[in-house]
Amino acid sequence: MPAADQQRTVALVTLGCTRNEVDSEELAGRLADGGWTLVEDVADADVAVVNTCGFIEQAKKDSIDVILEASDAKASGRTQAVVAVGCLAQRYGTELAKELPEADAVLGFDSYADMSAQLSAILEGERPPAPTPGDRRALLPLTPVQRQEATTGLVIPGHSSGATHTSSAAGLDQVSDLPEGIAPASGPRVVRRRLEQRPWAPLKIASGCDRRCSFCAIPMFRGAFVSRHPDDVVAEAQWLGRHGARELFLVSENSTSYGKDLGALGALDALLPRLTAVEGVDWVRVSYLQPAEVRPLLLDAIASTPGVVPWFDLSFQHASPTVLRRMRRFGGTEPFLALIDSIRERLPLAGIRTNVIVGFPGETPEDVDELAHFLERARLDVVGVFAYSDEDGTEAETLTDKIDPDEIAERHSRITDLVEQLTADRAIERIGESVEVLIEEVGDEVVGRSAHQGPEVDGQTVFTWPISRTLPAVGEIVSARIIDAEGVDLVAEPT
């Protein structure tokens, strides 16, 4: 282990979604607060902490591969321990620890609050017990409005920052990740440290989910839906604004449910103008909207609040009413198209994205045709296409009428090819549009995202930048005109 006078070092490796990124940055804040030095390279760390993803089969495999790679560093680098945390660790716990001895410890969400002590103990040779798999929904009352008080003492990743509504922030030091020589900003304590110096940052507004989609295991290991108090969200937004986040990317398992456990159905509508008023923040983007829960007043709030970008992340999953019912979801082609129309009536140039699953048990060729027909009519900007696979413990795993894997692959290929053409056509439709672009890279090319493009997965806007014009800075917002398209990526010139 490190010598007494040597700083303990830790590397955090994050897999999966932006919600996991928030959790990793909370862990980074806790560890920095506990005296650990954060390093980027696993080989330079005493402990490698792998924040795993347990969503789908491929994500599980990727998580295990990263743990094995980190374990290799123990033979050639400084690394003494590899610790698995996150969704895969919480979901499989003792089973994962047994099957993956390369991980020196498997820690669940309940370990996050004292992660510094946990890692110190592991370096001393202790092996804390892995979490026992179970349904975390049982930890909170069934009735949403009874949950806020019941969360006392319960660890919910990403919910510990900026607790300004329950306690005074006076006298609490802020964990700083500002460059050396720049004093940390004053204000309420935020237990978070930015790991990616990007001009945008995910901001968690809720965790867990109350929906019972038959294909999804997330509610079992993430738990019942719990909103963060608006004051806590705003406090963390202010901290992010001081730390270079020009865009706040609001994340949760279901943003349209925000506030239902606070007794305020319109809580998100009221939160948005508070966030856009934060100093340093120019854009606010709302993700993970459930179509069945989208209210007209929420659409109005997104459309009318300056600074909230015209972007809608709608989780359709399919278009056939029959398949959707087997998925324990609602809707179909016509109601989904009506929702899209209502968005475009308010914001004609809005970006709209979705994910769909093909090969769900019982899906017929006619259902696939209906999905294709819906996608052709919807004119969506981005569509993620997933091939169905059984997930442990889900209702869909027990359904009959399973589709042959080769047939699933064929359907996946068909819809993927269709989507590539449709989204490329949609990008071409945008030629001539005036857009605002958040600059993310300045090098051989100037690259950013237009307001209707979400981070990382929605394509980018590449500039043809005049030689005579001064290059912009990363984080600057530039007015531009779309002049071309390459797939879902746009080509623009500054105006």
# chains A, B, ... in the order shown; residues from 1 in each chain; ligands from 1

call {"tool": "select_by_dssp", "arguments": {"residues": "segment 373-432 of chain A", "states": "alpha helix (DSSP H)", "output": "PyMOL selection string"}}
result
chain A and resi 373-378+405-429

call {"tool": "residues_around", "arguments": {"residues": "Val323 of chain A", "least_positions_apart": "5", "cutoff": "9 Å", "atoms": "only C-alpha atoms", "output": "PyMOL selection string"}}
result
chain A and resi 318+328-329+360-364+367

call {"tool": "select_by_dssp", "arguments": {"residues": "segment 270-464 of chain A", "states": "strand (DSSP E)", "output": "PyMOL selection string"}}
result
chain A and resi 283-286+311-313+351-358+382-387+434-442+446-450+461-463

call {"tool": "closest_atom_pairs", "arguments": {"of": "segment 73-103 of chain A", "to": "segment 124-132 of chain A", "cutoff": "10 Å", "atoms": "only C-alpha atoms", "output": "JSON lines"}}
result
{"residue": "A:Ala81", "atom": "CA", "partner": "A:Gly125", "partner_atom": "CA", "distance": 9.5}
{"residue": "A:Ala84", "atom": "CA", "partner": "A:Ala130", "partner_atom": "CA", "distance": 9.8}
{"residue": "A:Val85", "atom": "CA", "partner": "A:Ala130", "partner_atom": "CA", "distance": 9.9}
{"residue": "A:Ala89", "atom": "CA", "partner": "A:Pro131", "partner_atom": "CA", "distance": 7.7}
{"residue": "A:Gln90", "atom": "CA", "partner": "A:Pro131", "partner_atom": "CA", "distance": 6.4}
{"residue": "A:Arg91", "atom": "CA", "partner": "A:Pro131", "partner_atom": "CA", "distance": 8.5}
{"residue": "A:Tyr92", "atom": "CA", "partner": "A:Thr132", "partner_atom": "CA", "distance": 7.5}
{"residue": "A:Gly93", "atom": "CA", "partner": "A:Pro131", "partner_atom": "CA", "distance": 4.7}
{"residue": "A:Thr94", "atom": "CA", "partner": "A:Ala130", "partner_atom": "CA", "distance": 5.1}
{"residue": "A:Glu95", "atom": "CA", "partner": "A:Thr132", "partner_atom": "CA", "distance": 8.3}
{"residue": "A:Leu96", "atom": "CA", "partner": "A:Ala130", "partner_atom": "CA", "distance": 8.5}
{"residue": "A:Ala97", "atom": "CA", "partner": "A:Ala130", "partner_atom": "CA", "distance": 6.7}
{"residue": "A:Lys98", "atom": "CA", "partner": "A:Ala130", "partner_atom": "CA", "distance": 9.4}

call {"tool": "residues_around", "arguments": {"residues": "Ala73 of chain A", "least_positions_apart": "3", "cutoff": "12 Å", "atoms": "only C-alpha atoms", "output": "PyMOL selection string"}}
result
chain A and resi 11+41-48+66-70+76-82+102

call {"tool": "residues_around", "arguments": {"residues": "Ala451 of chain A", "least_positions_apart": "6", "cutoff": "9 Å", "atoms": "only C-alpha atoms", "output": "short mmCIF file (atom, residue, chain, number, x, y, z; two decimals) with C-alpha atoms, in the first residue's frame"}}
result
data_model
loop_
_atom_site.label_atom_id
_atom_site.label_comp_id
_atom_site.auth_asym_id
_atom_site.auth_seq_id
_atom_site.Cartn_x
_atom_site.Cartn_y
_atom_site.Cartn_z
CA TRP A 283 -28.78 26.04 -22.25
CA ARG A 285 -31.82 20.25 -21.98
CA VAL A 309 -33.38 24.03 -25.96
CA PRO A 310 -35.91 22.67 -28.50
CA TRP A 311 -35.03 19.00 -28.05
CA ALA A 350 -37.33 20.98 -32.65
CA GLY A 351 -35.00 18.01 -32.52
CA VAL A 435 -29.00 27.50 -35.62
CA GLU A 436 -27.15 28.23 -32.39
CA VAL A 437 -24.13 25.95 -31.87
CA LEU A 438 -22.30 25.16 -28.63
#

call {"tool": "atom_distance", "arguments": {"atom1": "atom CA of Val191 of chain A", "atom2": "atom CA of Ala105 of chain A"}}
result
23.4 Å

call {"tool": "residues_around", "arguments": {"residues": "Arg377 of chain A", "least_positions_apart": "6", "cutoff": "10 Å", "atoms": "only C-alpha atoms", "output": "list in words"}}
result
Thr333, Leu337 and Leu422 of chain A

call {"tool": "write_last_selection", "arguments": {"atoms": "C-alpha atoms", "output": "mmCIF file, in the first residue's frame"}}
result
data_model
loop_
_atom_site.group_PDB
_atom_site.id
_atom_site.type_symbol
_atom_site.label_atom_id
_atom_site.label_comp_id
_atom_site.auth_asym_id
_atom_site.auth_seq_id
_atom_site.Cartn_x
_atom_site.Cartn_y
_atom_site.Cartn_z
ATOM 1 C CA THR A 333 -48.492 5.030 -34.243
ATOM 2 C CA LEU A 337 -47.571 11.049 -34.308
ATOM 3 C CA LEU A 422 -34.470 8.495 -42.702
#

call {"tool": "closest_residue", "arguments": {"among": "A:His373, A:Val488, A:Glu293, A:Phe221", "to": "Arg449 of chain A", "atoms": "only C-alpha atoms"}}
result
A:Val488
